[in-house]
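final.cif (mmCIF, C-alpha atoms and all ligand atoms)
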data_input
#
loop_
_atom_site.label_atom_id
_atom_site.label_comp_id
_atom_site.auth_asym_id
_atom_site.auth_seq_id
_atom_site.Cartn_x
_atom_site.Cartn_y
_atom_site.Cartn_z
CA MET A 518 -8.55 2.91 -12.51
CA SER A 519 -10.67 2.34 -15.61
CA VAL A 520 -9.71 4.01 -18.89
CA ASN A 521 -13.00 5.93 -18.83
CA VAL A 522 -12.18 7.76 -15.62
CA THR A 523 -8.73 8.91 -16.72
CA GLU A 524 -10.16 10.00 -20.09
CA GLN A 525 -13.05 11.76 -18.42
CA TYR A 526 -10.84 13.60 -15.90
CA PRO A 527 -7.53 14.27 -17.69
CA ASN A 528 -6.19 16.44 -14.84
CA TYR A 529 -6.74 13.72 -12.27
CA SER A 530 -3.85 11.43 -11.33
CA PRO A 531 -5.02 8.36 -9.37
CA GLY A 532 -3.02 8.00 -6.16
CA LEU A 533 -1.68 11.52 -6.91
CA GLU A 534 1.05 9.82 -8.95
CA GLY A 535 3.45 12.40 -10.34
CA VAL A 536 1.60 15.31 -8.68
CA PRO A 537 3.97 17.64 -6.78
CA GLY A 538 2.67 17.75 -3.20
CA GLY A 539 4.94 20.53 -1.91
CA LEU A 540 8.48 21.87 -1.73
CA THR A 541 11.21 20.28 0.40
CA LYS A 542 14.93 20.57 1.06
CA ILE A 543 15.11 17.35 3.07
CA SER A 544 15.62 14.61 0.50
CA ASP A 545 15.70 14.07 -3.23
CA ILE A 546 14.86 10.91 -5.16
CA ASP A 547 16.36 10.77 -8.65
CA SER A 548 14.36 8.05 -10.30
CA ASP A 549 16.49 7.89 -13.49
CA ARG A 550 19.76 7.52 -11.59
CA SER A 551 18.26 5.40 -8.79
CA SER A 552 19.77 7.84 -6.36
CA LEU A 553 18.62 9.15 -3.01
CA GLN A 554 20.15 12.14 -1.26
CA PHE A 555 19.48 13.55 2.20
CA ARG A 556 20.08 17.30 2.19
CA GLY A 557 22.36 16.82 -0.82
CA TYR A 558 24.38 13.89 0.58
CA ASP A 559 24.19 10.51 -1.12
CA VAL A 560 22.50 7.98 1.14
CA HIS A 561 25.03 5.26 0.27
CA GLU A 562 27.88 7.46 1.50
CA LEU A 563 25.93 8.41 4.63
CA ALA A 564 25.28 4.73 5.41
CA GLU A 565 28.95 3.90 4.99
CA LYS A 566 30.54 6.85 6.75
CA CYS A 567 28.01 8.08 9.32
CA THR A 568 25.97 6.71 12.18
CA TYR A 569 22.19 6.98 12.30
CA GLU A 570 22.56 9.74 14.92
CA GLU A 571 24.57 11.86 12.48
CA VAL A 572 21.92 11.30 9.82
CA ALA A 573 19.12 12.25 12.22
CA TYR A 574 21.08 15.39 13.13
CA LEU A 575 21.51 16.20 9.42
CA LEU A 576 17.79 15.82 8.80
CA LEU A 577 16.81 17.99 11.78
CA TYR A 578 19.51 20.70 11.70
CA GLU A 579 20.13 20.83 7.92
CA LYS A 580 23.88 20.16 8.29
CA LEU A 581 26.20 17.37 9.38
CA PRO A 582 27.29 17.79 13.01
CA THR A 583 30.79 18.63 14.19
CA ALA A 584 32.26 16.23 16.75
CA ASP A 585 31.12 18.49 19.63
CA GLU A 586 27.63 18.92 18.17
CA LEU A 587 27.30 15.16 17.73
CA HIS A 588 28.48 14.57 21.30
CA ALA A 589 25.85 16.99 22.64
CA PHE A 590 23.17 15.48 20.38
CA ARG A 591 23.97 11.96 21.60
CA ASP A 592 23.80 13.19 25.19
CA SER A 593 20.34 14.67 24.61
CA MET A 594 19.23 11.44 22.93
CA ASN A 595 20.53 9.34 25.82
CA ARG A 596 18.72 11.49 28.37
CA ALA A 597 15.49 11.04 26.40
CA ARG A 598 15.65 7.29 25.71
CA LYS A 599 14.01 6.07 28.89
CA LEU A 600 10.21 6.18 28.81
CA PRO A 601 8.24 8.06 31.47
CA GLY A 602 6.82 5.51 33.93
CA GLU A 603 3.29 6.34 32.80
CA VAL A 604 4.15 5.51 29.17
CA SER A 605 5.59 2.14 30.22
CA ALA A 606 2.44 1.58 32.29
CA ALA A 607 0.26 2.36 29.25
CA LEU A 608 2.19 -0.22 27.20
CA ARG A 609 1.73 -2.70 30.02
CA MET A 610 -2.04 -2.10 30.06
CA ALA A 611 -2.46 -2.52 26.29
CA PRO A 612 -3.99 -5.83 25.15
CA ARG A 613 -1.34 -8.45 24.35
CA HIS A 614 -2.80 -9.08 20.89
CA LEU A 615 -2.38 -5.43 19.89
CA HIS A 616 -0.43 -4.86 16.67
CA PRO A 617 3.03 -3.44 17.52
CA MET A 618 2.32 -0.39 15.34
CA ASP A 619 -0.80 0.34 17.40
CA GLN A 620 1.29 0.04 20.57
CA ILE A 621 3.60 2.74 19.20
CA LYS A 622 0.65 5.08 18.62
CA ILE A 623 -0.46 4.61 22.22
CA ALA A 624 3.05 5.26 23.55
CA TYR A 625 3.61 8.46 21.55
CA THR A 626 0.15 9.81 22.33
CA MET A 627 0.82 9.29 26.03
CA GLN A 628 4.40 10.54 25.84
CA ALA A 629 3.28 13.85 24.31
CA GLY A 630 1.71 14.83 27.61
CA PHE A 631 4.94 14.15 29.54
CA ASP A 632 7.13 16.06 27.12
CA PRO A 633 8.24 19.33 28.77
CA ASN A 634 7.79 21.03 25.40
CA TYR A 635 4.15 19.98 25.09
CA GLY A 636 2.00 22.96 24.05
CA HIS A 637 5.02 24.95 22.78
CA GLU A 638 4.96 25.11 19.01
CA ASP A 639 8.05 27.22 18.17
CA LYS A 640 10.85 25.62 16.12
CA GLY A 641 13.22 25.13 19.09
CA SER A 642 10.52 23.33 21.09
CA ASN A 643 9.64 21.21 18.07
CA ILE A 644 13.28 20.16 17.61
CA ARG A 645 13.46 19.23 21.30
CA LYS A 646 10.25 17.18 20.88
CA ALA A 647 11.77 15.54 17.81
CA ILE A 648 14.89 14.49 19.76
CA ARG A 649 12.68 12.91 22.42
CA ILE A 650 10.56 11.20 19.75
CA ILE A 651 13.61 9.81 17.90
CA ALA A 652 15.44 8.77 21.08
CA SER A 653 12.48 6.91 22.58
CA ALA A 654 11.32 5.08 19.44
CA GLY A 655 13.57 2.05 19.97
CA THR A 656 12.68 1.91 23.65
CA ILE A 657 8.96 1.89 22.83
CA VAL A 658 9.31 -0.86 20.22
CA ALA A 659 11.61 -3.09 22.32
CA ALA A 660 9.59 -2.64 25.53
CA GLY A 661 6.32 -3.21 23.69
CA HIS A 662 7.66 -6.41 22.16
CA ARG A 663 8.91 -7.80 25.45
CA LEU A 664 5.65 -6.98 27.22
CA ARG A 665 3.60 -8.64 24.46
CA HIS A 666 5.67 -11.76 25.05
CA GLY A 667 5.35 -11.68 28.84
CA GLU A 668 8.89 -10.40 29.44
CA GLU A 669 10.04 -7.40 31.45
CA PRO A 670 11.38 -4.43 29.43
CA ILE A 671 15.13 -3.76 29.57
CA ASP A 672 16.24 -0.19 30.34
CA PRO A 673 18.31 1.59 27.68
CA ASP A 674 22.06 1.75 28.27
CA PRO A 675 23.30 5.36 28.00
CA LYS A 676 26.66 4.18 26.64
CA LEU A 677 25.05 2.61 23.55
CA SER A 678 24.00 4.08 20.19
CA THR A 679 20.43 4.05 18.88
CA ALA A 680 21.18 0.89 16.86
CA ALA A 681 23.03 -1.01 19.61
CA ASN A 682 20.53 0.09 22.26
CA PHE A 683 17.60 -1.24 20.24
CA LEU A 684 19.17 -4.69 19.84
CA TYR A 685 20.25 -4.67 23.48
CA MET A 686 16.78 -3.70 24.79
CA LEU A 687 15.25 -6.40 22.62
CA THR A 688 17.51 -9.29 23.59
CA GLY A 689 19.60 -8.26 26.62
CA ASN A 690 22.78 -8.75 24.56
CA VAL A 691 24.97 -5.93 23.31
CA PRO A 692 25.59 -6.58 19.58
CA ASP A 693 29.12 -6.91 18.19
CA GLU A 694 30.50 -4.00 16.19
CA ALA A 695 29.76 -5.50 12.75
CA THR A 696 26.13 -6.26 13.65
CA GLU A 697 25.66 -2.81 15.14
CA LYS A 698 27.07 -1.14 12.01
CA LEU A 699 24.93 -3.22 9.65
CA PHE A 700 21.77 -2.60 11.64
CA ASP A 701 22.66 1.08 11.98
CA SER A 702 23.01 1.36 8.18
CA THR A 703 19.48 -0.03 7.72
CA LEU A 704 18.23 2.76 10.00
CA THR A 705 19.93 5.30 7.72
CA MET A 706 18.34 3.67 4.67
CA TYR A 707 14.90 3.89 6.29
CA ALA A 708 15.37 7.36 7.86
CA GLU A 709 13.81 9.50 5.14
CA HIS A 710 12.24 9.19 1.71
CA GLY A 711 10.50 12.25 0.30
CA PHE A 712 6.73 12.56 0.09
CA ASN A 713 5.89 8.90 0.67
CA ALA A 714 2.41 8.17 2.08
CA SER A 715 3.30 8.36 5.80
CA THR A 716 5.44 11.50 5.46
CA PHE A 717 2.78 13.20 3.38
CA ALA A 718 0.14 12.19 5.95
CA CYS A 719 2.35 13.62 8.70
CA ARG A 720 2.69 16.91 6.79
CA VAL A 721 -1.07 17.07 6.16
CA CYS A 722 -1.63 16.61 9.89
CA VAL A 723 0.72 19.37 11.04
CA SER A 724 -0.45 21.69 8.23
CA THR A 725 -3.67 22.08 10.23
CA LEU A 726 -1.46 23.49 13.03
CA SER A 727 -2.02 20.35 15.02
CA ASP A 728 1.25 19.32 16.75
CA VAL A 729 4.39 17.29 16.00
CA TYR A 730 3.36 14.30 18.13
CA SER A 731 0.03 14.11 16.26
CA GLY A 732 1.97 14.22 12.99
CA ILE A 733 4.14 11.31 14.15
CA VAL A 734 1.15 9.24 15.24
CA THR A 735 -0.47 9.91 11.85
CA GLY A 736 2.75 8.73 10.19
CA VAL A 737 2.82 5.53 12.25
CA GLY A 738 -0.79 4.69 11.36
CA THR A 739 -0.10 5.29 7.66
CA LEU A 740 3.13 3.29 7.62
CA LYS A 741 1.38 0.24 9.06
CA GLY A 742 -0.19 -0.82 5.74
CA PRO A 743 1.34 -3.60 3.61
CA LEU A 744 1.64 -1.34 0.55
CA HIS A 745 3.98 0.88 2.59
CA GLY A 746 5.98 -0.12 5.71
CA GLY A 747 4.21 -3.43 6.21
CA ALA A 748 5.83 -4.78 3.03
CA ASN A 749 9.07 -5.85 4.77
CA GLU A 750 7.17 -8.27 7.03
CA GLU A 751 5.11 -9.61 4.12
CA ALA A 752 8.27 -10.08 2.06
CA MET A 753 9.84 -12.27 4.76
CA ARG A 754 6.66 -14.33 5.14
CA MET A 755 6.75 -14.87 1.39
CA LEU A 756 10.40 -16.05 1.53
CA LEU A 757 9.50 -18.45 4.35
CA GLU A 758 6.54 -19.76 2.37
CA ILE A 759 8.81 -20.42 -0.63
CA GLY A 760 11.22 -22.15 1.73
CA SER A 761 14.00 -23.29 -0.58
CA PRO A 762 15.87 -21.96 -3.64
CA ALA A 763 14.73 -24.99 -5.68
CA LYS A 764 11.07 -23.92 -5.28
CA ALA A 765 11.61 -20.23 -5.97
CA GLU A 766 11.19 -20.09 -9.74
CA ALA A 767 7.97 -22.13 -9.85
CA TRP A 768 6.55 -20.14 -6.92
CA ILE A 769 7.17 -16.73 -8.44
CA ARG A 770 5.92 -17.73 -11.90
CA ASP A 771 2.76 -19.12 -10.34
CA ALA A 772 2.31 -15.93 -8.30
CA LEU A 773 2.58 -13.81 -11.44
CA VAL A 774 0.18 -15.99 -13.41
CA ASN A 775 -2.28 -15.57 -10.55
CA LYS A 776 -1.72 -11.78 -10.52
CA LYS A 777 -0.42 -11.77 -6.94
CA LYS A 778 1.34 -8.68 -5.62
CA VAL A 779 4.88 -9.72 -4.82
CA MET A 780 5.79 -7.89 -1.64
CA GLY A 781 9.07 -6.01 -1.62
CA PHE A 782 8.99 -5.32 -5.38
CA GLY A 783 8.03 -2.20 -7.31
CA HIS A 784 8.05 1.42 -6.30
CA ARG A 785 6.03 4.50 -7.16
CA GLU A 786 9.14 6.66 -7.61
CA TYR A 787 11.95 4.35 -8.70
CA LYS A 788 11.38 2.57 -11.97
CA LYS A 789 15.01 1.48 -12.51
CA GLY A 790 15.79 0.19 -9.01
CA ASP A 791 15.42 1.50 -5.46
CA SER A 792 18.64 3.22 -4.39
CA ARG A 793 18.37 1.72 -0.90
CA ALA A 794 17.81 -1.83 -2.16
CA LEU A 795 20.80 -1.52 -4.48
CA TRP A 796 22.95 -0.79 -1.42
CA LEU A 797 21.29 -3.15 1.07
CA GLY A 798 20.76 -6.16 -1.22
CA PRO A 799 24.40 -7.25 -1.58
CA ARG A 800 25.00 -6.66 2.14
CA ALA A 801 21.97 -8.72 3.14
CA LYS A 802 23.13 -11.58 0.90
CA GLU A 803 26.69 -11.28 2.18
CA LEU A 804 25.47 -11.52 5.79
CA GLY A 805 23.56 -14.71 4.93
CA LYS A 806 26.71 -16.28 3.45
CA ARG A 807 28.82 -15.16 6.41
CA ILE A 808 26.52 -16.79 8.97
CA GLY A 809 26.08 -19.94 6.87
CA ASN A 810 22.51 -19.23 5.82
CA PRO A 811 22.57 -18.21 2.16
CA THR A 812 19.05 -19.61 1.49
CA TRP A 813 17.14 -16.31 1.52
CA GLY A 814 19.73 -14.60 -0.66
CA GLN A 815 19.53 -17.45 -3.17
CA ILE A 816 15.73 -17.33 -3.26
CA ALA A 817 16.02 -13.55 -3.61
CA ASP A 818 18.31 -13.93 -6.65
CA THR A 819 15.67 -16.01 -8.44
CA LEU A 820 12.77 -13.71 -7.53
CA GLU A 821 14.73 -10.65 -8.63
CA LYS A 822 15.63 -12.27 -11.97
CA VAL A 823 12.08 -13.39 -12.78
CA MET A 824 10.44 -10.14 -11.59
CA LEU A 825 12.75 -8.13 -13.83
CA GLU A 826 12.27 -10.42 -16.85
CA GLU A 827 8.51 -10.76 -16.53
CA LYS A 828 7.38 -7.44 -15.04
CA GLY A 829 10.34 -5.08 -15.36
CA LEU A 830 10.18 -4.58 -11.58
CA TYR A 831 13.11 -4.25 -9.16
CA PRO A 832 13.16 -4.99 -5.43
CA ASN A 833 12.53 -2.08 -3.10
CA VAL A 834 14.24 -1.49 0.26
CA ASP A 835 11.81 -3.76 2.10
CA PHE A 836 12.98 -6.86 0.26
CA PRO A 837 16.65 -7.03 1.35
CA ALA A 838 15.78 -5.48 4.74
CA ALA A 839 13.45 -8.41 5.38
CA PHE A 840 16.02 -11.18 5.07
CA LEU A 841 18.77 -9.04 6.58
CA TYR A 842 16.68 -8.60 9.74
CA TYR A 843 15.71 -12.29 9.67
CA ASN A 844 19.36 -13.29 9.54
CA LEU A 845 20.04 -10.97 12.50
CA GLY A 846 17.45 -12.98 14.43
CA ILE A 847 14.92 -10.14 14.69
CA PRO A 848 11.28 -11.27 15.00
CA ILE A 849 9.31 -10.57 11.82
CA GLU A 850 6.57 -8.59 13.57
CA LEU A 851 9.20 -5.95 14.41
CA TYR A 852 10.31 -5.13 10.87
CA THR A 853 7.72 -2.40 10.33
CA PRO A 854 8.20 -1.01 13.85
CA ILE A 855 11.96 -0.81 13.10
CA PHE A 856 11.02 1.27 10.06
CA VAL A 857 9.36 3.65 12.57
CA VAL A 858 12.49 3.69 14.76
CA ALA A 859 14.35 5.09 11.74
CA ARG A 860 11.66 7.12 9.96
CA VAL A 861 10.76 9.25 13.01
CA ALA A 862 13.79 11.35 12.01
CA GLY A 863 12.37 12.02 8.54
CA TRP A 864 8.82 12.63 9.78
CA SER A 865 10.08 15.08 12.42
CA ALA A 866 12.16 16.99 9.87
CA HIS A 867 9.15 17.19 7.54
CA ALA A 868 6.80 18.33 10.30
CA ILE A 869 9.25 21.13 11.20
CA GLU A 870 9.78 22.10 7.55
CA GLN A 871 6.03 22.15 6.89
CA LEU A 872 5.43 24.43 9.88
CA GLU A 873 8.20 26.82 8.84
CA ASN A 874 6.32 27.77 5.70
CA ASN A 875 2.87 26.43 6.33
CA ARG A 876 -0.18 26.42 4.14
CA LEU A 877 -3.09 24.13 4.97
CA ILE A 878 -2.90 21.06 2.70
CA ARG A 879 -6.38 20.65 1.31
CA PRO A 880 -6.71 19.20 -2.20
CA LYS A 881 -9.82 19.34 -4.30
CA ALA A 882 -12.09 16.35 -4.84
CA ILE A 883 -13.73 15.50 -8.15
CA TYR A 884 -17.32 14.73 -7.31
CA THR A 885 -18.64 11.78 -9.31
CA GLY A 886 -21.94 11.20 -7.54
CA GLU A 887 -25.46 12.28 -8.42
CA LYS A 888 -26.53 15.92 -8.10
CA ASN A 889 -29.76 17.75 -7.27
CA VAL A 890 -31.60 14.59 -6.23
CA LYS A 891 -35.20 15.18 -5.23
CA PHE A 892 -35.58 14.56 -1.47
CA VAL A 893 -37.63 11.46 -0.61
CA GLU A 894 -39.76 11.55 2.52
CA MET A 895 -39.17 8.73 5.05
CA LYS A 896 -42.58 7.16 4.40
CA ASP A 897 -41.85 6.97 0.65
CA ARG A 898 -38.32 5.43 0.75
C1 LIG B 1 4.89 0.02 -4.15
C2 LIG B 1 3.66 -0.05 -5.03
C3 LIG B 1 2.39 0.20 -4.20
C4 LIG B 1 3.81 1.04 -6.10
O1 LIG B 1 2.69 0.95 -6.83
P1 LIG B 1 2.22 1.91 -8.00
O2 LIG B 1 3.18 2.95 -8.35
O3 LIG B 1 0.86 2.36 -7.61
O4 LIG B 1 2.21 0.89 -9.17
P2 LIG B 1 1.00 -0.08 -9.48
O5 LIG B 1 0.54 -0.79 -8.26
O6 LIG B 1 -0.01 0.73 -10.24
O7 LIG B 1 1.70 -1.11 -10.45
C5 LIG B 1 1.94 -0.92 -11.82
C6 LIG B 1 1.95 -2.29 -12.47
O8 LIG B 1 2.98 -3.10 -11.91
C7 LIG B 1 2.42 -4.21 -11.23
N1 LIG B 1 3.10 -4.34 -9.95
C8 LIG B 1 3.59 -3.34 -9.20
N2 LIG B 1 4.15 -3.83 -8.10
C9 LIG B 1 4.01 -5.16 -8.18
C10 LIG B 1 4.39 -6.21 -7.34
N3 LIG B 1 5.03 -5.96 -6.19
N4 LIG B 1 4.10 -7.48 -7.69
C11 LIG B 1 3.45 -7.72 -8.85
N5 LIG B 1 3.05 -6.76 -9.70
C12 LIG B 1 3.33 -5.50 -9.36
C13 LIG B 1 0.96 -3.86 -11.00
O9 LIG B 1 0.16 -5.00 -10.89
C14 LIG B 1 0.67 -3.07 -12.24
O10 LIG B 1 0.51 -3.94 -13.30
P3 LIG B 1 -0.63 -3.72 -14.39
O11 LIG B 1 -0.30 -2.40 -15.02
O12 LIG B 1 -0.50 -4.89 -15.27
O13 LIG B 1 -1.90 -3.66 -13.62
C15 LIG B 1 3.56 -1.44 -5.73
O14 LIG B 1 4.71 -1.67 -6.50
C16 LIG B 1 3.34 -2.54 -4.72
O15 LIG B 1 2.23 -2.77 -4.29
N6 LIG B 1 4.45 -3.25 -4.30
C17 LIG B 1 4.34 -4.26 -3.30
C18 LIG B 1 4.28 -3.62 -1.92
C19 LIG B 1 5.61 -3.07 -1.50
O16 LIG B 1 6.64 -3.71 -1.65
N7 LIG B 1 5.56 -1.86 -0.90
C20 LIG B 1 6.74 -1.21 -0.39
C21 LIG B 1 7.08 -0.01 -1.19
S1 LIG B 1 8.61 0.71 -0.64
#
Please go through the file and, once you have read it, give me the structure as structure tokens.
Amino acid sequence: MSVNVTEQYPNYSPGLEGVPGGLTKISDIDSDRSSLQFRGYDVHELAEKCTYEEVAYLLLYEKLPTADELHAFRDSMNRARKLPGEVSAALRMAPRHLHPMDQIKIAYTMQAGFDPNYGHEDKGSNIRKAIRIIASAGTIVAAGHRLRHGEEPIDPDPKLSTAANFLYMLTGNVPDEATEKLFDSTLTMYAEHGFNASTFACRVCVSTLSDVYSGIVTGVGTLKGPLHGGANEEAMRMLLEIGSPAKAEAWIRDALVNKKKVMGFGHREYKKGDSRALWLGPRAKELGKRIGNPTWGQIADTLEKVMLEEKGLYPNVDFPAAFLYYNLGIPIELYTPIFVVARVAGWSAHAIEQLENNRLIRPKAIYTGEKNVKFVEMKDR
């Protein structure tokens, strides 16, 4: 944004930076303390002590579940994991080259029509839709991936958690406990994050009194971009391009000289470090050492050091998530879809919160074009 524009329009904040977009009780980002809380609970503690299901429950029902409530919630999730046959058929019919995020939009759009709560817009119906949306996300992503690669989808196993089921439906192997816990904690980290672009887009959508499924599809489309969810995939491609720790310093200095955006660094809200990256970074590096592949963690150390020295920028969640997922053997094209698997909980909670106290979201535009132009007849143009 040129200096002239900000001087000319002092009330305008490009990208709405710093502009409050609404009220929420779902999560709080404290930029100065690099802290993130979901409904008042610190995300680090949630990742350590809870499962993703408990976190999803917390986001939807505004409280942590009791053991019985969690049991019932897991049961409802398990009943909703399997896709209606028609949704699987739609995924099968989609072109193989389709971006996985576009596959997800197709699946949810189709699934809306098979949801028994379709057309009911009260809070109870919307929570039931949300449970179906959250439960089926991993099934959609895993089935879509297998179909794109010419493999048959694997049915969800009702005995498994959201995290374990996703890895199982992807590979056919049930993960060990440590892998399940680590992957589960990344879902918690990705579950919710204030008025980010996709959540705000989801809230804008439902503020028109559209429906929760439309809000989710809007969120998926918005998350796809590399400045948002797509950054985790780009970050891993960058690490692969660098290739070895010995090349890292020269690569990053060259990138900065050439004014390249370094994916997985910087954040609109956190200026002293992303709370989620602070938690995930050491664990991603530790996993690499444990499995005998410390390369990505070593490259990461160099990039983090130079980015801080030269630009004052810290890694965001997408940076450690990228090499953590890579070291778990997850295909790169699934990193942003995994973000969806987690974030559907946050989007659903926001859609429900928006509808509880709704006002159409409709900001004002500052018109900068010409005015009162004399009409020119076709023959004279
Ligand atoms: C996340 C992001 C969009 C936030 O952007 P923002 O608040 O609009 O900040 P800006 O893009 O205006 O950046 C401010 C300055 O830092 C620089 N900067 C920000 N992120 C950077 C990055 N990842 N690599 C290099 N420079 C970066 C910008 O070039 C700009 O420098 P300038 O003032 O010299 O022009 C931005 O940091 C980015 O594009 N990061 C990479 C994508 C990414 O990881 N996204 C996931 C976010 S969770």
Go through the chains and note each residue within 8 Å of ligand LIG 1 (chain B), using only C-alpha atoms and all ligand atoms, then give the set as a VMD selection string. chain A and resid 532 534 743 to 749 752 773 776 to 786 824 828 830 832 to 836
So, counting only C-alpha atoms, which residue among A:Tyr730, A:Ala564, A:Lys676, A:Thr656 is closest to Asp632 (chain A)? A:Tyr730
Counting all atoms listed in the file, what is within 12 Å of region 764-769 of chain A, bar same-chain residues fewer than 6 positions away, as a list in words? Met755, Leu756, Leu757, Glu758, Asn775, Lys776, Lys777, Lys778, Val779, Met780, Phe782, Thr812, Trp813, Gly814, Gln815, Ile816, Ala817, Asp818, Thr819, Leu820, Glu821, Lys822, Val823, Met824, Leu825, Glu826, Glu827 and Lys828 of chain A
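Near (18.0, 2.8, -1.2), the residues inside the 10 Å limit, counting all atoms listed in the file, come to Ile546, Ser551, Ser552, Leu553, Gln554, Asp559, Val560, His561, Thr703, Thr705, Met706, Tyr707, His710, Tyr787, Gly790, Asp791, Ser792, Arg793, Ala794, Leu795, Trp796, Leu797, Gly798, Asn833, Val834 and Asp835 of chain A.
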Which is closer to Gly667 (chain A) than all the others in A:Met753, A:Leu699, A:Glu694, A:Pro612, using all atoms listed in the file? A:Pro612
(1.2, 12.4, 24.3) in this file's frame - what residues fall within 12 Å of it? Use all atoms listed in the file and give the answer as a PyMOL selection string. chain A and resi 600-601+603-604+607+621-636+646+649-650+728-734
With C-alpha atoms retained, export the selected residues as a PDB file, in the frame of the given file.
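Printed below is out_14.pdb as written:
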ATOM      1  CA  LEU A 600      10.210   6.180  28.810  1.00  0.00           C
ATOM      2  CA  PRO A 601       8.240   8.060  31.470  1.00  0.00           C
ATOM      3  CA  GLU A 603       3.290   6.340  32.800  1.00  0.00           C
ATOM      4  CA  VAL A 604       4.150   5.510  29.170  1.00  0.00           C
ATOM      5  CA  ALA A 607       0.260   2.360  29.250  1.00  0.00           C
ATOM      6  CA  ILE A 621       3.600   2.740  19.200  1.00  0.00           C
ATOM      7  CA  LYS A 622       0.650   5.080  18.620  1.00  0.00           C
ATOM      8  CA  ILE A 623      -0.460   4.610  22.220  1.00  0.00           C
ATOM      9  CA  ALA A 624       3.050   5.260  23.550  1.00  0.00           C
ATOM     10  CA  TYR A 625       3.610   8.460  21.550  1.00  0.00           C
ATOM     11  CA  THR A 626       0.150   9.810  22.330  1.00  0.00           C
ATOM     12  CA  MET A 627       0.820   9.290  26.030  1.00  0.00           C
ATOM     13  CA  GLN A 628       4.400  10.540  25.840  1.00  0.00           C
ATOM     14  CA  ALA A 629       3.280  13.850  24.310  1.00  0.00           C
ATOM     15  CA  GLY A 630       1.710  14.830  27.610  1.00  0.00           C
ATOM     16  CA  PHE A 631       4.940  14.150  29.540  1.00  0.00           C
ATOM     17  CA  ASP A 632       7.130  16.060  27.120  1.00  0.00           C
ATOM     18  CA  PRO A 633       8.240  19.330  28.770  1.00  0.00           C
ATOM     19  CA  ASN A 634       7.790  21.030  25.400  1.00  0.00           C
ATOM     20  CA  TYR A 635       4.150  19.980  25.090  1.00  0.00           C
ATOM     21  CA  GLY A 636       2.000  22.960  24.050  1.00  0.00           C
ATOM     22  CA  LYS A 646      10.250  17.180  20.880  1.00  0.00           C
ATOM     23  CA  ARG A 649      12.680  12.910  22.420  1.00  0.00           C
ATOM     24  CA  ILE A 650      10.560  11.200  19.750  1.00  0.00           C
ATOM     25  CA  ASP A 728       1.250  19.320  16.750  1.00  0.00           C
ATOM     26  CA  VAL A 729       4.390  17.290  16.000  1.00  0.00           C
ATOM     27  CA  TYR A 730       3.360  14.300  18.130  1.00  0.00           C
ATOM     28  CA  SER A 731       0.030  14.110  16.260  1.00  0.00           C
ATOM     29  CA  GLY A 732       1.970  14.220  12.990  1.00  0.00           C
ATOM     30  CA  ILE A 733       4.140  11.310  14.150  1.00  0.00           C
ATOM     31  CA  VAL A 734       1.150   9.240  15.240  1.00  0.00           C
TER      32      VAL A 734
END
So which one's closest to His614 (chain A), A:Cys719, A:Pro675, A:Ile855, A:Glu850? Using only C-alpha atoms, please.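 Closest residue, counting only C-alpha atoms: A:Glu850.
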Could you tell me how far CA of Gly535 (chain A) sits from CA of Thr523 (chain A), in Å to one decimal place?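 Result for CA of Thr523 (chain A) versus CA of Gly535 (chain A): 14.2 Å, one decimal.
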Pro848 (chain A): which residues within 12 Å, counting only C-alpha atoms, same-chain residues fewer than 3 positions away excluded, as a PyMOL selection string? chain A and resi 617+658-659+662-663+666+684+687-688+749-750+753-754+839-845+851-855
Contacts of Thr739 (chain A) within 7 Å, only C-alpha atoms, excl. fewer than 3 positions in-chain, as a PyMOL selection string: chain A and resi 714-715+735-736+742
Write out as a tab-separated table a residue-level contact list of region 611-682 of chain A versus region 868-874 of chain A with cut-off 12 Å: for each qualifying residue the closest pair of atoms and the distance in Å to one decimal, counting all atoms listed in the file, rows sorted by chain and residue number upward.
residue	atom	partner	partner_atom	distance
A:Glu638	CA	A:Leu872	CA	9.2
A:Asp639	CA	A:Leu872	CA	9.1
A:Lys640	CA	A:Ile869	CA	6.9
A:Gly641	CA	A:Ile869	CA	9.7
A:Ser642	CA	A:Ile869	CA	10.2
A:Asn643	CA	A:Ile869	CA	6.9
A:Ile644	CA	A:Ile869	CA	7.6
A:Arg645	CA	A:Ile869	CA	11.1
A:Lys646	CA	A:Ile869	CA	10.5
A:Ala647	CA	A:Ile869	CA	9.0
Would you mind exporting the chosen residues as a PDB file, in the coordinates of the input, restricted to C-alpha atoms?
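Result written to again-v7.pdb:
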ATOM      1  CA  GLU A 638       4.960  25.110  19.010  1.00  0.00           C
ATOM      2  CA  ASP A 639       8.050  27.220  18.170  1.00  0.00           C
ATOM      3  CA  LYS A 640      10.850  25.620  16.120  1.00  0.00           C
ATOM      4  CA  GLY A 641      13.220  25.130  19.090  1.00  0.00           C
ATOM      5  CA  SER A 642      10.520  23.330  21.090  1.00  0.00           C
ATOM      6  CA  ASN A 643       9.640  21.210  18.070  1.00  0.00           C
ATOM      7  CA  ILE A 644      13.280  20.160  17.610  1.00  0.00           C
ATOM      8  CA  ARG A 645      13.460  19.230  21.300  1.00  0.00           C
ATOM      9  CA  LYS A 646      10.250  17.180  20.880  1.00  0.00           C
ATOM     10  CA  ALA A 647      11.770  15.540  17.810  1.00  0.00           C
TER      11      ALA A 647
END
Quick one: residues within 9 Å of Ala652 (chain A), all atoms listed in the file, excluding same-chain residues fewer than 6 positions away - as a short mmCIF file (atom, residue, chain, number, x, y, z; two decimals) with C-alpha atoms, in the coordinates of the input?
data_model
loop_
_atom_site.label_atom_id
_atom_site.label_comp_id
_atom_site.auth_asym_id
_atom_site.auth_seq_id
_atom_site.Cartn_x
_atom_site.Cartn_y
_atom_site.Cartn_z
CA SER A 593 20.34 14.67 24.61
CA MET A 594 19.23 11.44 22.93
CA ASN A 595 20.53 9.34 25.82
CA ARG A 596 18.72 11.49 28.37
CA ALA A 597 15.49 11.04 26.40
CA ARG A 598 15.65 7.29 25.71
CA LYS A 599 14.01 6.07 28.89
CA THR A 679 20.43 4.05 18.88
CA VAL A 858 12.49 3.69 14.76
#
